[in-house]
$ cat work-v5.cif   # mmCIF, C-alpha atoms
data_protein
#
loop_
_atom_site.label_atom_id
_atom_site.label_comp_id
_atom_site.auth_asym_id
_atom_site.auth_seq_id
_atom_site.Cartn_x
_atom_site.Cartn_y
_atom_site.Cartn_z
CA MET A 1 1.94 -6.29 -10.61
CA ASP A 2 3.24 -8.24 -7.65
CA PHE A 3 1.38 -11.55 -7.38
CA ARG A 4 0.42 -11.06 -3.76
CA GLU A 5 -1.15 -7.69 -4.57
CA LEU A 6 -2.75 -9.01 -7.77
CA MET A 7 -4.36 -11.87 -5.87
CA THR A 8 -6.35 -9.42 -3.77
CA VAL A 9 -6.95 -6.88 -6.56
CA ARG A 10 -8.59 -9.43 -8.89
CA ARG A 11 -12.29 -9.37 -8.22
CA ALA A 12 -15.38 -10.60 -10.04
CA VAL A 13 -16.50 -7.56 -12.03
CA ARG A 14 -20.19 -7.24 -12.92
CA ASP A 15 -20.29 -3.70 -14.30
CA TYR A 16 -18.26 -2.64 -17.31
CA GLN A 17 -17.45 0.58 -19.15
CA ASP A 18 -18.95 0.98 -22.60
CA ARG A 19 -15.53 0.44 -24.17
CA GLU A 20 -14.38 -2.34 -26.46
CA VAL A 21 -11.35 -4.46 -25.56
CA PRO A 22 -8.87 -4.48 -28.48
CA MET A 23 -8.62 -7.92 -30.09
CA ALA A 24 -4.81 -7.85 -29.78
CA LEU A 25 -5.17 -7.46 -26.02
CA ILE A 26 -7.72 -10.28 -25.81
CA ARG A 27 -5.24 -12.51 -27.67
CA GLU A 28 -2.47 -11.62 -25.19
CA ILE A 29 -4.66 -12.52 -22.23
CA ILE A 30 -5.63 -15.81 -23.89
CA LYS A 31 -1.93 -16.51 -24.44
CA ASP A 32 -1.33 -15.98 -20.71
CA GLY A 33 -4.21 -18.36 -19.99
CA CYS A 34 -2.30 -20.98 -21.94
CA GLU A 35 0.65 -20.65 -19.51
CA ALA A 36 -1.42 -22.57 -16.95
CA PRO A 37 -0.47 -26.14 -16.11
CA SER A 38 -2.65 -28.94 -17.46
CA GLY A 39 -2.98 -32.69 -16.95
CA GLY A 40 -0.03 -34.35 -18.70
CA ASN A 41 0.75 -30.92 -20.22
CA MET A 42 -1.93 -31.71 -22.84
CA GLN A 43 -3.10 -28.09 -23.02
CA PRO A 44 -6.52 -29.35 -24.16
CA TRP A 45 -8.13 -25.91 -24.17
CA SER A 46 -9.43 -23.87 -27.06
CA PHE A 47 -11.07 -20.46 -27.00
CA ILE A 48 -14.10 -18.73 -28.46
CA VAL A 49 -14.23 -14.93 -28.41
CA VAL A 50 -17.54 -13.11 -28.73
CA THR A 51 -17.57 -9.32 -28.93
CA ASN A 52 -20.73 -8.87 -30.97
CA ARG A 53 -23.40 -7.45 -28.64
CA ASP A 54 -26.28 -9.18 -30.41
CA ALA A 55 -24.47 -12.52 -30.29
CA ILE A 56 -23.76 -12.03 -26.58
CA LYS A 57 -27.49 -11.37 -26.04
CA ARG A 58 -28.40 -14.55 -27.96
CA LEU A 59 -25.95 -16.57 -25.83
CA SER A 60 -27.44 -15.10 -22.66
CA ASP A 61 -30.99 -15.90 -23.79
CA GLU A 62 -30.08 -19.45 -24.85
CA SER A 63 -28.33 -20.23 -21.56
CA LYS A 64 -31.13 -18.68 -19.46
CA LYS A 65 -33.73 -20.74 -21.33
CA ASN A 66 -31.84 -24.00 -20.72
CA ILE A 67 -31.19 -23.28 -17.05
CA LEU A 68 -34.84 -22.40 -16.47
CA MET A 69 -35.83 -25.70 -18.11
CA ALA A 70 -33.37 -27.56 -15.84
CA ILE A 71 -34.82 -25.82 -12.77
CA GLU A 72 -38.33 -26.80 -13.93
CA LYS A 73 -37.24 -30.45 -14.13
CA ASN A 74 -35.32 -30.42 -10.87
CA PRO A 75 -36.18 -27.75 -8.30
CA GLU A 76 -33.24 -29.00 -6.18
CA PHE A 77 -30.84 -27.74 -8.88
CA SER A 78 -28.31 -25.36 -7.37
CA PHE A 79 -29.27 -22.62 -9.87
CA THR A 80 -32.87 -22.51 -8.57
CA LYS A 81 -32.04 -19.51 -6.39
CA TYR A 82 -31.43 -17.52 -9.58
CA LYS A 83 -34.88 -18.30 -11.02
CA PRO A 84 -36.47 -14.87 -10.36
CA ILE A 85 -33.65 -12.98 -12.08
CA LEU A 86 -33.40 -15.49 -14.95
CA GLU A 87 -37.10 -14.94 -15.64
CA MET A 88 -36.58 -11.22 -16.24
CA PRO A 89 -36.39 -10.85 -20.04
CA GLU A 90 -34.10 -7.83 -19.82
CA PHE A 91 -31.54 -9.57 -17.59
CA ASN A 92 -28.35 -10.35 -19.50
CA VAL A 93 -26.27 -12.95 -17.65
CA PHE A 94 -23.13 -11.28 -18.99
CA TYR A 95 -24.24 -7.91 -17.58
CA ASN A 96 -22.98 -5.28 -20.00
CA ALA A 97 -19.62 -6.92 -20.74
CA PRO A 98 -18.26 -6.04 -24.21
CA CYS A 99 -16.57 -9.43 -24.54
CA VAL A 100 -17.30 -13.04 -23.61
CA VAL A 101 -14.63 -15.74 -23.83
CA TYR A 102 -15.49 -19.43 -23.68
CA ILE A 103 -12.76 -21.90 -22.77
CA THR A 104 -13.70 -25.23 -24.32
CA GLY A 105 -12.24 -28.62 -25.09
CA HIS A 106 -13.03 -32.10 -26.29
CA LYS A 107 -15.62 -33.83 -24.11
CA ASP A 108 -13.50 -36.98 -23.78
CA ILE A 109 -10.56 -35.29 -22.02
CA ARG A 110 -10.65 -36.68 -18.48
CA SER A 111 -9.17 -33.58 -16.82
CA LEU A 112 -10.99 -31.01 -18.97
CA ALA A 113 -12.93 -29.25 -16.18
CA SER A 114 -9.76 -28.79 -14.11
CA ASP A 115 -7.61 -27.81 -17.09
CA CYS A 116 -10.09 -25.17 -18.27
CA ALA A 117 -10.35 -23.79 -14.73
CA LEU A 118 -6.56 -23.52 -14.50
CA ALA A 119 -6.46 -21.64 -17.81
CA ALA A 120 -9.35 -19.45 -16.60
CA SER A 121 -7.42 -18.66 -13.43
CA TYR A 122 -4.39 -17.43 -15.37
CA PHE A 123 -6.71 -15.58 -17.78
CA MET A 124 -8.45 -13.74 -14.92
CA LEU A 125 -5.17 -12.85 -13.18
CA SER A 126 -3.63 -11.67 -16.45
CA ALA A 127 -6.67 -9.50 -17.17
CA ALA A 128 -6.55 -7.96 -13.68
CA ASP A 129 -2.82 -7.33 -14.15
CA ARG A 130 -3.80 -5.25 -17.21
CA SER A 131 -6.52 -3.34 -15.30
CA LEU A 132 -9.27 -5.32 -16.98
CA GLY A 133 -12.12 -6.99 -15.17
CA THR A 134 -13.47 -10.51 -15.54
CA CYS A 135 -16.25 -12.61 -14.13
CA TRP A 136 -16.72 -16.38 -14.44
CA ILE A 137 -20.37 -16.69 -15.42
CA ASP A 138 -21.74 -20.22 -15.18
CA LEU A 139 -25.22 -18.84 -15.88
CA GLY A 140 -24.01 -18.20 -19.45
CA SER A 141 -22.52 -21.63 -20.02
CA VAL A 142 -25.47 -23.80 -21.05
CA ILE A 143 -25.49 -23.53 -24.84
CA ARG A 144 -27.40 -26.34 -26.57
CA ASP A 145 -29.19 -24.87 -29.59
CA LYS A 146 -27.58 -26.08 -32.81
CA GLU A 147 -27.73 -22.68 -34.51
CA VAL A 148 -26.29 -20.82 -31.53
CA ARG A 149 -23.51 -23.40 -31.19
CA ALA A 150 -22.75 -23.10 -34.90
CA GLU A 151 -22.63 -19.31 -34.66
CA ILE A 152 -19.82 -19.52 -32.08
CA GLY A 153 -18.05 -22.51 -33.66
CA LEU A 154 -18.80 -24.90 -30.82
CA SER A 155 -18.94 -28.41 -32.28
CA ASP A 156 -20.92 -31.32 -30.82
CA ASP A 157 -17.80 -32.98 -29.41
CA HIS A 158 -16.74 -29.87 -27.46
CA VAL A 159 -17.94 -28.78 -24.05
CA ILE A 160 -17.63 -25.45 -22.31
CA GLY A 161 -15.22 -25.56 -19.37
CA ALA A 162 -15.25 -21.88 -18.40
CA THR A 163 -17.34 -18.86 -19.36
CA LEU A 164 -15.69 -15.50 -18.78
CA ALA A 165 -16.92 -11.94 -19.18
CA LEU A 166 -14.13 -9.48 -19.97
CA GLY A 167 -14.04 -5.70 -20.06
CA TYR A 168 -12.91 -2.48 -18.44
CA PRO A 169 -14.52 -2.26 -15.01
CA THR A 170 -16.65 0.70 -14.03
CA ALA A 171 -15.37 0.13 -10.52
CA VAL A 172 -13.59 -2.78 -8.88
CA PRO A 173 -15.87 -4.11 -6.14
CA ALA A 174 -14.71 -4.66 -2.59
CA ARG A 175 -13.18 -7.99 -1.68
CA PRO A 176 -15.95 -10.28 -0.44
CA PRO A 177 -15.16 -12.04 2.83
CA ARG A 178 -13.13 -15.24 2.74
CA ASN A 179 -13.76 -18.03 5.20
CA GLU A 180 -10.90 -19.25 7.32
CA PRO A 181 -9.26 -22.21 5.55
CA VAL A 182 -10.75 -25.56 6.59
CA ILE A 183 -7.98 -28.08 7.20
CA LEU A 184 -9.73 -31.41 7.74
CA LYS A 185 -6.64 -33.22 8.96
CA VAL A 186 -2.87 -32.95 9.25
CA VAL A 187 -1.18 -36.34 9.01
CA SER A 188 2.31 -35.67 10.33
CA MET B 1 7.30 -11.64 -7.42
CA ASP B 2 5.79 -9.94 -10.44
CA PHE B 3 2.89 -12.02 -11.76
CA ARG B 4 4.20 -12.12 -15.32
CA GLU B 5 7.53 -13.48 -14.10
CA LEU B 6 5.88 -15.85 -11.62
CA MET B 7 3.70 -17.30 -14.38
CA THR B 8 6.78 -18.52 -16.23
CA VAL B 9 8.79 -19.45 -13.12
CA ARG B 10 6.11 -21.80 -11.75
CA ARG B 11 6.84 -25.25 -13.10
CA ALA B 12 5.76 -28.77 -12.21
CA VAL B 13 8.49 -29.96 -9.86
CA ARG B 14 9.17 -33.72 -9.64
CA ASP B 15 12.35 -33.76 -7.56
CA TYR B 16 12.51 -32.32 -4.06
CA GLN B 17 15.16 -31.61 -1.45
CA ASP B 18 15.10 -33.77 1.66
CA ARG B 19 13.80 -30.86 3.68
CA GLU B 20 10.48 -30.52 5.50
CA VAL B 21 8.17 -27.60 4.77
CA PRO B 22 7.23 -25.83 8.02
CA MET B 23 3.55 -26.27 8.87
CA ALA B 24 3.11 -22.51 9.32
CA LEU B 25 4.27 -22.01 5.72
CA ILE B 26 1.93 -24.73 4.43
CA ARG B 27 -0.93 -22.94 6.21
CA GLU B 28 -0.02 -19.62 4.55
CA ILE B 29 0.00 -21.20 1.10
CA ILE B 30 -3.37 -22.84 1.80
CA LYS B 31 -4.68 -19.44 2.88
CA ASP B 32 -3.56 -18.00 -0.46
CA GLY B 33 -5.31 -20.88 -2.22
CA CYS B 34 -8.50 -19.70 -0.54
CA GLU B 35 -8.15 -16.29 -2.25
CA ALA B 36 -9.23 -17.94 -5.51
CA PRO B 37 -12.67 -17.20 -6.91
CA SER B 38 -15.34 -19.90 -6.64
CA GLY B 39 -18.82 -20.50 -8.00
CA GLY B 40 -21.21 -18.19 -6.13
CA ASN B 41 -18.27 -17.41 -3.77
CA MET B 42 -19.15 -20.63 -1.95
CA GLN B 43 -15.48 -21.47 -1.22
CA PRO B 44 -16.44 -25.14 -1.04
CA TRP B 45 -12.87 -26.38 -0.59
CA SER B 46 -11.25 -28.03 2.36
CA PHE B 47 -7.69 -29.26 2.73
CA ILE B 48 -5.85 -32.35 3.92
CA VAL B 49 -2.13 -32.07 4.66
CA VAL B 50 0.06 -35.17 4.74
CA THR B 51 3.70 -34.86 5.74
CA ASN B 52 4.22 -38.33 7.20
CA ARG B 53 6.41 -40.27 4.74
CA ASP B 54 4.80 -43.64 5.51
CA ALA B 55 1.33 -42.19 5.03
CA ILE B 56 2.41 -40.64 1.72
CA LYS B 57 3.69 -44.06 0.61
CA ARG B 58 0.38 -45.69 1.60
CA LEU B 59 -1.54 -43.07 -0.40
CA SER B 60 0.71 -43.66 -3.41
CA ASP B 61 0.23 -47.45 -3.19
CA GLU B 62 -3.54 -47.15 -2.77
CA SER B 63 -3.93 -44.82 -5.74
CA LYS B 64 -1.62 -46.92 -7.96
CA LYS B 65 -3.61 -50.06 -7.12
CA ASN B 66 -6.92 -48.43 -8.03
CA ILE B 67 -5.62 -46.91 -11.25
CA LEU B 68 -4.13 -50.24 -12.34
CA MET B 69 -7.50 -51.90 -11.68
CA ALA B 70 -9.24 -49.21 -13.75
CA ILE B 71 -6.75 -49.77 -16.59
CA GLU B 72 -7.41 -53.51 -16.40
CA LYS B 73 -11.15 -52.89 -16.77
CA ASN B 74 -10.78 -50.31 -19.53
CA PRO B 75 -7.57 -50.32 -21.57
CA GLU B 76 -8.79 -47.13 -23.31
CA PHE B 77 -8.45 -45.25 -19.99
CA SER B 78 -6.20 -42.24 -20.43
CA PHE B 79 -3.88 -43.42 -17.65
CA THR B 80 -3.00 -46.63 -19.54
CA LYS B 81 0.21 -45.04 -20.82
CA TYR B 82 1.44 -44.93 -17.21
CA LYS B 83 0.90 -48.69 -16.67
CA PRO B 84 4.60 -49.72 -16.85
CA ILE B 85 5.70 -47.16 -14.27
CA LEU B 86 2.67 -47.82 -12.03
CA GLU B 87 3.60 -51.49 -11.96
CA MET B 88 7.02 -50.75 -10.48
CA PRO B 89 6.64 -51.35 -6.71
CA GLU B 90 9.30 -48.77 -5.85
CA PHE B 91 7.64 -45.98 -7.87
CA ASN B 92 6.05 -43.39 -5.58
CA VAL B 93 3.59 -41.22 -7.52
CA PHE B 94 4.51 -38.29 -5.25
CA TYR B 95 8.21 -38.73 -6.10
CA ASN B 96 10.12 -37.74 -2.98
CA ALA B 97 7.90 -34.82 -1.97
CA PRO B 98 7.88 -34.18 1.80
CA CYS B 99 4.28 -32.94 1.71
CA VAL B 100 1.06 -33.82 -0.10
CA VAL B 101 -1.98 -31.56 0.02
CA TYR B 102 -5.41 -32.74 -1.08
CA ILE B 103 -8.03 -30.15 -1.95
CA THR B 104 -11.42 -31.73 -1.38
CA GLY B 105 -15.06 -30.84 -1.09
CA HIS B 106 -18.57 -32.21 -0.84
CA LYS B 107 -19.46 -34.43 -3.79
CA ASP B 108 -22.75 -32.62 -4.39
CA ILE B 109 -21.21 -29.22 -5.15
CA ARG B 110 -21.87 -28.67 -8.86
CA SER B 111 -18.76 -26.57 -9.52
CA LEU B 112 -16.41 -28.53 -7.23
CA ALA B 113 -13.90 -29.63 -9.89
CA SER B 114 -13.51 -26.06 -11.17
CA ASP B 115 -13.44 -24.53 -7.70
CA CYS B 116 -10.74 -26.90 -6.46
CA ALA B 117 -8.68 -26.26 -9.61
CA LEU B 118 -8.94 -22.50 -9.04
CA ALA B 119 -7.74 -22.92 -5.45
CA ALA B 120 -4.97 -25.24 -6.69
CA SER B 121 -3.88 -22.61 -9.18
CA TYR B 122 -3.50 -19.96 -6.47
CA PHE B 123 -1.82 -22.54 -4.21
CA MET B 124 0.76 -23.41 -6.87
CA LEU B 125 1.47 -19.77 -7.73
CA SER B 126 1.78 -18.85 -4.04
CA ALA B 127 4.20 -21.74 -3.47
CA ALA B 128 6.33 -20.71 -6.46
CA ASP B 129 6.31 -17.13 -5.16
CA ARG B 130 7.88 -18.52 -1.96
CA SER B 131 10.50 -20.56 -3.90
CA LEU B 132 8.66 -23.79 -3.24
CA GLY B 133 7.80 -26.34 -5.89
CA THR B 134 4.51 -28.09 -6.55
CA CYS B 135 3.14 -30.71 -8.88
CA TRP B 136 -0.49 -31.60 -9.50
CA ILE B 137 -0.46 -35.39 -9.32
CA ASP B 138 -3.65 -37.03 -10.58
CA LEU B 139 -1.94 -40.41 -10.27
CA GLY B 140 -2.18 -39.94 -6.50
CA SER B 141 -5.84 -38.97 -6.42
CA VAL B 142 -7.71 -42.29 -6.45
CA ILE B 143 -8.15 -43.10 -2.76
CA ARG B 144 -10.95 -45.62 -2.09
CA ASP B 145 -9.84 -47.87 0.78
CA LYS B 146 -11.85 -47.12 3.91
CA GLU B 147 -8.85 -47.29 6.24
CA VAL B 148 -6.69 -45.07 4.06
CA ARG B 149 -9.53 -42.56 3.72
CA ALA B 150 -10.06 -42.60 7.48
CA GLU B 151 -6.35 -42.04 8.09
CA ILE B 152 -6.47 -38.76 6.12
CA GLY B 153 -9.93 -37.70 7.32
CA LEU B 154 -11.60 -38.06 3.93
CA SER B 155 -15.26 -38.85 4.55
CA ASP B 156 -17.52 -40.77 2.14
CA ASP B 157 -19.32 -37.61 1.04
CA HIS B 158 -16.09 -35.84 0.04
CA VAL B 159 -14.21 -36.15 -3.22
CA ILE B 160 -10.68 -35.13 -4.08
CA GLY B 161 -10.58 -32.17 -6.47
CA ALA B 162 -6.83 -31.61 -6.62
CA THR B 163 -3.77 -33.53 -5.44
CA LEU B 164 -0.64 -31.47 -4.94
CA ALA B 165 2.92 -32.38 -4.04
CA LEU B 166 4.75 -29.59 -2.22
CA GLY B 167 8.41 -29.13 -1.29
CA TYR B 168 11.67 -27.36 -1.92
CA PRO B 169 12.76 -28.15 -5.47
CA THR B 170 16.14 -29.71 -6.18
CA ALA B 171 16.06 -27.77 -9.42
CA VAL B 172 13.30 -25.97 -11.28
CA PRO B 173 12.85 -27.74 -14.61
CA ALA B 174 12.83 -25.90 -17.93
CA ARG B 175 9.56 -24.56 -19.22
CA PRO B 176 7.96 -27.22 -21.43
CA PRO B 177 6.76 -25.92 -24.79
CA ARG B 178 3.36 -24.29 -25.01
CA ASN B 179 1.18 -24.66 -28.08
CA GLU B 180 -0.01 -21.56 -29.85
CA PRO B 181 -3.47 -20.67 -28.49
CA VAL B 182 -6.30 -22.22 -30.47
CA ILE B 183 -9.03 -19.66 -31.08
CA LEU B 184 -11.90 -21.57 -32.66
CA LYS B 185 -13.87 -18.50 -33.63
CA VAL B 186 -14.09 -14.77 -33.11
CA VAL B 187 -17.68 -13.51 -33.31
CA SER B 188 -17.27 -9.76 -33.76
#
$ encode --input "work-v5.cif" --output "structure tokens"
Amino acid sequence: MDFRELMTVRRAVRDYQDREVPMALIREIIKDGCEAPSGGNMQPWSFIVVTNRDAIKRLSDESKKNILMAIEKNPEFSFTKYKPILEMPEFNVFYNAPCVVYITGHKDIRSLASDCALAASYFMLSAADRSLGTCWIDLGSVIRDKEVRAEIGLSDDHVIGATLALGYPTAVPARPPRNEPVILKVVS
Amino acid sequence: MDFRELMTVRRAVRDYQDREVPMALIREIIKDGCEAPSGGNMQPWSFIVVTNRDAIKRLSDESKKNILMAIEKNPEFSFTKYKPILEMPEFNVFYNAPCVVYITGHKDIRSLASDCALAASYFMLSAADRSLGTCWIDLGSVIRDKEVRAEIGLSDDHVIGATLALGYPTAVPARPPRNEPVILKVVS
């Protein structure tokens, strides 16, 4: 698809068909994610793919628990507005997505947050180009429990840089409004 | 341009024609940057555009000075490998780019690094789609001096999330090799 069209077609999808994404297709989208630029071309990203529904539920529960604890400690935390929904036991932060992909990397990489976001950007555009939907879900990114980390192969020295739901959308939502660009200064 | 083609055409450009980029075009590319997704759709980014060559040189000198001081303090700093080139007075971290764009935002936004990287990704793809070149230049991102910050309108409560050179490329470099994707685990 033409980039300019794709840019407006890609939307955060929060409702998915009950249909698995073939692993070969997931691998292709990950490969496109790796086309992104990275600091010093270090390509510091690695990927974790979770398609098991029970595992996805465990990840959702683990992340919800940790975020609720963080809100308890610091009510000023930006996630506090999500407290009511996080307290609902049936709420799955990944909605009904059949696949969750974590983009991770070594905690000591200075540019890791930016690099993972760049890879996530290419991943999301590539998925949209293939008529798949994605959603970056920070609410599913706080995974601390040793057993849960071990289950997904996330070692102590790795951090999660991006958390992405992936699946076939039920419907692609309307484009939410964009603010006019804020240009603080032009030094000409 | 087709996204799949654009993905491979976009390259980090480090040599630019001596040709200004029209301000209207810079504004269009910034607008495309704002099409990127952001945490909670907060769109926390704002932009600073610098096309004045003397100002660009001052920004380069300021950032080089601060990075060299950081290397002095901590030789393990990942930028240490750039020390010899940073010590050359004639080296401009922005090469000969006619335009530098900073993507910034309020320091308290939790997802600012990721959000700015997402906007940068769309910015770089949009520029490539218009036959312009970009390069993310972290070496030009450490701006501390009060006067230099004031000159570009960067207030104390704002941090730089992405630093981008923009211009017409002399030549588009070859695609540097990409590693095979690292998939740590598939939980199926």
$ residues_around --input "work-v5.cif" --residues "Ser38 (chain B)" --least-positions-apart "4" --cutoff "10 Å" --atoms "all atoms listed in the file" --output "list in words"
Ala12 and Trp136 of chain A; Cys34, Met42, Gln43, Pro44, Trp45, Ser111, Leu112, Ser114, Asp115, Cys116, Ala117, Leu118 and Ala119 of chain B
$ residues_around --input "work-v5.cif" --residues "region 152-161 of chain B" --least-positions-apart "6" --cutoff "8 Å" --atoms "only C-alpha atoms" --output "ChimeraX atom specification"
/A:184-187 /B:48,50,102-107,112-113,116-117,141
$ resolve_selection --input "work-v5.cif" --expression "the PyMOL selection byres ((chain B and resi 59) around 10)" --output "NGL selection string"
:B and (50 or 53-58 or 60-65 or 92-94 or 100 or 140-145 or 148-149 or 151-152)
$ closest_residue --input "work-v5.cif" --among "A:Pro75, A:Gly133, A:Glu28, A:Ala165" --to "Thr51 (chain A)" --atoms "only C-alpha atoms"
A:Ala165
$ atom_distance --input "work-v5.cif" --atom1 "CA of Glu72 (chain A)" --atom2 "CA of Asn41 (chain B)"
24.4 Å
$ closest_residue --input "work-v5.cif" --among "B:Leu86, B:Leu164, B:Ala97, B:Ile183" --to "Ile71 (chain B)" --atoms "all atoms listed in the file"
B:Leu86
$ resolve_selection --input "work-v5.cif" --expression "the PyMOL selection byres ((chain A and resi 178) around 9)" --output "list in words"
Arg175, Pro176, Pro177, Asn179, Glu180 and Pro181 of chain A; Cys34, Glu35, Asn41 and Gln43 of chain B
$ axis_aligned_box --input "work-v5.cif" --around "region 92-99 of chain A" --padding-each-side "6 Å" --output "JSON"
{"center_x": -22.5, "center_y": -9.1, "center_z": -21.1, "size_x": 23.8, "size_y": 19.7, "size_z": 19.0}
$ closest_residue --input "work-v5.cif" --among "A:Pro84, A:Val172, A:Phe91, A:Lys73" --to "Asp15 (chain A)" --atoms "only C-alpha atoms"
A:Val172
$ atom_distance --input "work-v5.cif" --atom1 "CA of Met1 (chain A)" --atom2 "CA of Thr170 (chain B)"
27.7 Å
$ resolve_selection --input "work-v5.cif" --expression "the PyMOL selection byres ((chain B and resi 33) around 7)" --output "list in words"
Ile29, Ile30, Lys31, Asp32, Cys34, Glu35, Ala36, Ala119, Ala120, Tyr122 and Phe123 of chain B
$ write_last_selection --input "work-v5.cif" --atoms "C-alpha atoms" --output "PDB file, keeping the file's coordinate frame"
ATOM      1  CA  ILE B  29       0.000 -21.200   1.100  1.00  0.00           C
ATOM      2  CA  ILE B  30      -3.370 -22.840   1.800  1.00  0.00           C
ATOM      3  CA  LYS B  31      -4.680 -19.440   2.880  1.00  0.00           C
ATOM      4  CA  ASP B  32      -3.560 -18.000  -0.460  1.00  0.00           C
ATOM      5  CA  CYS B  34      -8.500 -19.700  -0.540  1.00  0.00           C
ATOM      6  CA  GLU B  35      -8.150 -16.290  -2.250  1.00  0.00           C
ATOM      7  CA  ALA B  36      -9.230 -17.940  -5.510  1.00  0.00           C
ATOM      8  CA  ALA B 119      -7.740 -22.920  -5.450  1.00  0.00           C
ATOM      9  CA  ALA B 120      -4.970 -25.240  -6.690  1.00  0.00           C
ATOM     10  CA  TYR B 122      -3.500 -19.960  -6.470  1.00  0.00           C
ATOM     11  CA  PHE B 123      -1.820 -22.540  -4.210  1.00  0.00           C
TER      12      PHE B 123
END
$ atom_distance --input "work-v5.cif" --atom1 "CA of Leu125 (chain A)" --atom2 "CA of Asn96 (chain A)"
20.5 Å
$ closest_residue --input "work-v5.cif" --among "B:Val13, B:Ala171, B:Met88, B:Ile67" --to "Ala127 (chain B)" --atoms "only C-alpha atoms"
B:Val13
$ decode --input "work-v5.cif" --residues "region 119-169 of chain A" --atoms "C-alpha atoms" --output "mmCIF file, in the first residue's frame"
data_model
loop_
_atom_site.group_PDB
_atom_site.id
_atom_site.type_symbol
_atom_site.label_atom_id
_atom_site.label_comp_id
_atom_site.auth_asym_id
_atom_site.auth_seq_id
_atom_site.Cartn_x
_atom_site.Cartn_y
_atom_site.Cartn_z
ATOM 1 C CA ALA A 119 11.017 -1.245 15.325
ATOM 2 C CA ALA A 120 7.457 -1.147 16.717
ATOM 3 C CA SER A 121 6.567 1.589 14.237
ATOM 4 C CA TYR A 122 7.714 -0.488 11.269
ATOM 5 C CA PHE A 123 6.017 -3.562 12.787
ATOM 6 C CA MET A 124 2.678 -1.736 13.108
ATOM 7 C CA LEU A 125 2.868 -0.281 9.586
ATOM 8 C CA SER A 126 3.838 -3.655 8.118
ATOM 9 C CA ALA A 127 0.933 -5.334 9.905
ATOM 10 C CA ALA A 128 -1.522 -2.696 8.639
ATOM 11 C CA ASP A 129 -0.111 -3.150 5.131
ATOM 12 C CA ARG A 130 -1.117 -6.827 5.452
ATOM 13 C CA SER A 131 -4.626 -5.965 6.723
ATOM 14 C CA LEU A 132 -3.720 -6.921 10.264
ATOM 15 C CA GLY A 133 -4.374 -4.777 13.297
ATOM 16 C CA THR A 134 -2.050 -3.849 16.143
ATOM 17 C CA CYS A 135 -2.182 -1.909 19.360
ATOM 18 C CA TRP A 136 0.732 -0.779 21.527
ATOM 19 C CA ILE A 137 -0.375 -1.782 25.013
ATOM 20 C CA ASP A 138 1.731 -0.284 27.792
ATOM 21 C CA LEU A 139 -0.755 -1.669 30.318
ATOM 22 C CA GLY A 140 0.606 -5.129 29.436
ATOM 23 C CA SER A 141 4.269 -4.243 29.756
ATOM 24 C CA VAL A 142 5.000 -4.537 33.481
ATOM 25 C CA ILE A 143 6.158 -8.133 33.877
ATOM 26 C CA ARG A 144 8.150 -8.762 37.070
ATOM 27 C CA ASP A 145 7.232 -12.217 38.373
ATOM 28 C CA LYS A 146 10.138 -14.625 37.931
ATOM 29 C CA GLU A 147 7.962 -17.500 36.742
ATOM 30 C CA VAL A 148 6.049 -15.392 34.239
ATOM 31 C CA ARG A 149 9.306 -13.921 32.917
ATOM 32 C CA ALA A 150 10.779 -17.405 32.603
ATOM 33 C CA GLU A 151 7.703 -18.635 30.737
ATOM 34 C CA ILE A 152 8.243 -16.008 28.021
ATOM 35 C CA GLY A 153 12.062 -16.212 28.034
ATOM 36 C CA LEU A 154 12.593 -12.713 29.400
ATOM 37 C CA SER A 155 15.879 -12.721 31.312
ATOM 38 C CA ASP A 156 16.747 -10.378 34.191
ATOM 39 C CA ASP A 157 19.034 -8.257 32.008
ATOM 40 C CA HIS A 158 16.325 -7.588 29.405
ATOM 41 C CA VAL A 159 13.638 -4.935 29.510
ATOM 42 C CA ILE A 160 10.468 -4.597 27.498
ATOM 43 C CA GLY A 161 10.617 -1.706 25.030
ATOM 44 C CA ALA A 162 7.296 -2.222 23.256
ATOM 45 C CA THR A 163 4.233 -4.391 23.847
ATOM 46 C CA LEU A 164 2.097 -5.053 20.796
ATOM 47 C CA ALA A 165 -1.190 -6.862 20.315
ATOM 48 C CA LEU A 166 -1.566 -8.361 16.837
ATOM 49 C CA GLY A 167 -4.529 -9.892 15.052
ATOM 50 C CA TYR A 168 -7.180 -9.573 12.373
ATOM 51 C CA PRO A 169 -9.364 -6.587 13.239
#
